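Everything below concerns the one structure shown next.
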Amino acid sequence: FQAEDGIRDVAVNGVQTVCSSDLGPLPFTWIEDVPCISAVGALDRMIAFAKDAAAGMAEKFSLPLALIVVDTMAAAAGFEDENAAAQAQVVMNVLHELARATGALVIAVDHFGKDTSGGTRGSSAKESSADAVLMLAAKQSLTGVVEQRSLAIRKLRGGSTGYEIAFSLKQVSFGFDEDGEEITSCYVEHGTGTVARARDRGPKGPTEKMVIAAISDLGRVDSPFVELHEVKDKVI
């Protein structure tokens, strides 16, 4: 689901140009009539769109529908107040249900607020509800030069965060428009390594250390689970 901005053909053509001119049609499809996700009946409409896309993927490419991207969250959500947690949760619930109904990974493209330390713009309920948050970061000079691009795992439910992968953008040209101006796009070129590797944060304070030690002592071979009351009895 992509908000109308006139760049989708450029992006897809850029992928075809970089990969191979012999690839033919690529397994992408999109709609510009993005349903207002917060509106009544939005989930049913999105599932219907997704099923049509899945049928097309199977017929044309013999592939399942694996990924659904909503670009952007701000354009599609229809928030009356993007800072309202209740409104943000309604939208996130729709996206979760869309993933369950289709079996596809659903990604919503969002932007940071003015204070990047506060996370994505609007309510924090969005990040709290998400299973994972991938962050694109870079350093930009006053003259507009962008360097040190990276993709970082900001949140991963049940996994480690902080893993950061370096990449750069390479420009590619694939023709000229009717005014004689060059048509360009960019593709991602991965770096040779990671910017920073994820680390499991160990206990810092005395209370954390006591709890971790208690859980370790209570661990049993016959059962991997430890009851909360047992930890409390041992620590307190």
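Ordering of the structure tokens sets the chain letters (A, B, ...); residue numbers start at 1 within each chain; ligands are numbered from 1 in the order shown.
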Selection near range 112-126 of chain A, 7 Å with only C-alpha atoms, sequence-local residues under 6 positions removed, as number ranges by chain: A: 82-85, 88-89, 92
Filtering to all heavy atoms, could you give me those residues as a PDB file, in the first residue's frame?
```pdb
ATOM      1  N   GLU A  82      -2.274  11.922  16.278  1.00  0.00           N
ATOM      2  CA  GLU A  82      -1.269  10.868  16.209  1.00  0.00           C
ATOM      3  C   GLU A  82      -0.581  10.613  17.543  1.00  0.00           C
ATOM      4  O   GLU A  82       0.119   9.619  17.691  1.00  0.00           O
ATOM      5  CB  GLU A  82      -0.226  11.193  15.148  1.00  0.00           C
ATOM      6  CG  GLU A  82       0.654  12.381  15.443  1.00  0.00           C
ATOM      7  CD  GLU A  82       1.733  12.573  14.379  1.00  0.00           C
ATOM      8  OE1 GLU A  82       1.794  11.761  13.427  1.00  0.00           O
ATOM      9  OE2 GLU A  82       2.502  13.531  14.503  1.00  0.00           O
ATOM     10  N   ASN A  83      -0.796  11.495  18.517  1.00  0.00           N
ATOM     11  CA  ASN A  83      -0.216  11.286  19.841  1.00  0.00           C
ATOM     12  C   ASN A  83      -1.136  10.485  20.760  1.00  0.00           C
ATOM     13  O   ASN A  83      -0.741  10.165  21.883  1.00  0.00           O
ATOM     14  CB  ASN A  83       0.094  12.641  20.492  1.00  0.00           C
ATOM     15  CG  ASN A  83       1.183  13.396  19.757  1.00  0.00           C
ATOM     16  OD1 ASN A  83       2.260  12.864  19.497  1.00  0.00           O
ATOM     17  ND2 ASN A  83       0.900  14.640  19.390  1.00  0.00           N
ATOM     18  N   ALA A  84      -2.331  10.190  20.296  1.00  0.00           N
ATOM     19  CA  ALA A  84      -3.286   9.446  21.115  1.00  0.00           C
ATOM     20  C   ALA A  84      -2.971   7.953  21.062  1.00  0.00           C
ATOM     21  O   ALA A  84      -3.016   7.345  19.988  1.00  0.00           O
ATOM     22  CB  ALA A  84      -4.705   9.710  20.641  1.00  0.00           C
ATOM     23  N   ALA A  85      -2.678   7.371  22.218  1.00  0.00           N
ATOM     24  CA  ALA A  85      -2.307   5.955  22.265  1.00  0.00           C
ATOM     25  C   ALA A  85      -3.436   5.053  21.787  1.00  0.00           C
ATOM     26  O   ALA A  85      -3.190   4.046  21.114  1.00  0.00           O
ATOM     27  CB  ALA A  85      -1.895   5.580  23.686  1.00  0.00           C
ATOM     28  N   ALA A  88      -3.503   5.016  17.977  1.00  0.00           N
ATOM     29  CA  ALA A  88      -2.354   4.276  17.450  1.00  0.00           C
ATOM     30  C   ALA A  88      -2.544   2.776  17.627  1.00  0.00           C
ATOM     31  O   ALA A  88      -2.198   1.988  16.737  1.00  0.00           O
ATOM     32  CB  ALA A  88      -1.079   4.736  18.153  1.00  0.00           C
ATOM     33  N   GLN A  89      -3.115   2.365  18.754  1.00  0.00           N
ATOM     34  CA  GLN A  89      -3.308   0.942  19.011  1.00  0.00           C
ATOM     35  C   GLN A  89      -4.326   0.331  18.065  1.00  0.00           C
ATOM     36  O   GLN A  89      -4.178  -0.819  17.628  1.00  0.00           O
ATOM     37  CB  GLN A  89      -3.744   0.725  20.465  1.00  0.00           C
ATOM     38  CG  GLN A  89      -3.699  -0.726  20.900  1.00  0.00           C
ATOM     39  CD  GLN A  89      -2.293  -1.321  20.795  1.00  0.00           C
ATOM     40  OE1 GLN A  89      -1.357  -0.811  21.405  1.00  0.00           O
ATOM     41  NE2 GLN A  89      -2.150  -2.379  20.013  1.00  0.00           N
ATOM     42  N   MET A  92      -2.443  -0.332  14.873  1.00  0.00           N
ATOM     43  CA  MET A  92      -1.524  -1.455  15.033  1.00  0.00           C
ATOM     44  C   MET A  92      -2.278  -2.782  15.101  1.00  0.00           C
ATOM     45  O   MET A  92      -1.811  -3.797  14.568  1.00  0.00           O
ATOM     46  CB  MET A  92      -0.667  -1.263  16.292  1.00  0.00           C
ATOM     47  CG  MET A  92       0.288  -0.086  16.232  1.00  0.00           C
ATOM     48  SD  MET A  92       1.457  -0.180  14.841  1.00  0.00           S
ATOM     49  CE  MET A  92       2.368  -1.664  15.251  1.00  0.00           C
TER      50      MET A  92
END
```
Every residue of range 102-186 of chain A that DSSP places in helix (DSSP H, G or I), as a ChimeraX atom specification: /A:102,116-118,125-129
Okay, now the selection with N, CA and C atoms, as an mmCIF file, in the first residue's frame?
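What follows is the written file selection-v6.cif:
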```cif
data_model
loop_
_atom_site.group_PDB
_atom_site.id
_atom_site.type_symbol
_atom_site.label_atom_id
_atom_site.label_comp_id
_atom_site.auth_asym_id
_atom_site.auth_seq_id
_atom_site.Cartn_x
_atom_site.Cartn_y
_atom_site.Cartn_z
ATOM 1 N N THR A 102 -3.122 -13.086 6.381
ATOM 2 C CA THR A 102 -2.443 -13.333 5.104
ATOM 3 C C THR A 102 -1.207 -14.212 5.233
ATOM 4 N N THR A 116 14.648 12.488 18.096
ATOM 5 C CA THR A 116 14.802 11.095 17.688
ATOM 6 C C THR A 116 14.936 10.139 18.872
ATOM 7 N N SER A 117 15.354 10.658 20.015
ATOM 8 C CA SER A 117 15.493 9.792 21.185
ATOM 9 C C SER A 117 14.138 9.299 21.673
ATOM 10 N N GLY A 118 13.064 9.989 21.272
ATOM 11 C CA GLY A 118 11.728 9.588 21.679
ATOM 12 C C GLY A 118 11.097 8.557 20.766
ATOM 13 N N ALA A 125 2.746 3.989 21.498
ATOM 14 C CA ALA A 125 2.016 2.726 21.404
ATOM 15 C C ALA A 125 2.373 1.960 20.141
ATOM 16 N N LYS A 126 2.786 2.674 19.094
ATOM 17 C CA LYS A 126 3.155 2.004 17.842
ATOM 18 C C LYS A 126 4.353 1.087 18.053
ATOM 19 N N GLU A 127 5.423 1.624 18.619
ATOM 20 C CA GLU A 127 6.619 0.808 18.835
ATOM 21 C C GLU A 127 6.376 -0.253 19.891
ATOM 22 N N SER A 128 5.563 0.079 20.897
ATOM 23 C CA SER A 128 5.279 -0.899 21.945
ATOM 24 C C SER A 128 4.538 -2.098 21.386
ATOM 25 N N SER A 129 3.667 -1.867 20.418
ATOM 26 C CA SER A 129 2.863 -2.948 19.848
ATOM 27 C C SER A 129 3.619 -3.752 18.802
#
```
Distance table requested - range 80-148 of chain A against range 156-179 of chain A, cut-off 8 Å, only C-alpha atoms: one row per qualifying residue with the closest atom pair and its distance in Å to one decimal, ordered by chain and rising residue number, as a Markdown table.
```
| residue | atom | partner | partner_atom | distance |
| --- | --- | --- | --- | --- |
| A:Asp131 | CA | A:Arg157 | CA | 5.3 |
| A:Ala132 | CA | A:Leu156 | CA | 4.4 |
| A:Val133 | CA | A:Leu156 | CA | 6.6 |
| A:Gln148 | CA | A:Ala166 | CA | 7.1 |
```
Residues within 8 Å of range 46-62 of chain A, only C-alpha atoms, excluding chain neighbours under 5 positions, as a list in words: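 So the residues in contact are Pro27, Thr29, Pro35, Leu98, Ala101 and Thr102 of chain A.
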Let's have the selection written as an mmCIF file, in the first residue's frame, with C-alpha atoms.
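Done, and the output landed in result.cif:
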```cif
data_model
loop_
_atom_site.group_PDB
_atom_site.id
_atom_site.type_symbol
_atom_site.label_atom_id
_atom_site.label_comp_id
_atom_site.auth_asym_id
_atom_site.auth_seq_id
_atom_site.Cartn_x
_atom_site.Cartn_y
_atom_site.Cartn_z
ATOM 1 C CA PRO A 27 7.124 -10.000 -8.155
ATOM 2 C CA THR A 29 2.475 -5.120 -6.870
ATOM 3 C CA PRO A 35 -7.418 2.472 2.845
ATOM 4 C CA LEU A 98 -3.625 -8.335 8.464
ATOM 5 C CA ALA A 101 -4.952 -13.317 7.978
ATOM 6 C CA THR A 102 -2.443 -13.333 5.104
#
```
d(CA of Val94 in chain A, CA of Leu43 in chain A) in Å: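 Atom-to-atom, CA of Val94 in chain A and CA of Leu43 in chain A are spaced 5.8 Å apart.
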Expected answer as a VMD selection string: strand (DSSP E) residues in range 68-188 of chain A: chain A and resid 68 to 71 105 to 109 132 to 140 146 to 156 164 to 176 182 to 188
Atomic separation - CA of Glu189 in chain A relative to CA of Ala76 in chain A, Å: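 According to the coordinates, CA of Ala76 in chain A and CA of Glu189 in chain A are separated by 29.3 Å.
When only C-alpha atoms are used to compute distances to Ser150 in chain A, the closest of the residues A:Gly41, A:Gly103, A:Gly180, A:Gly191 turns out to be A:Gly191.
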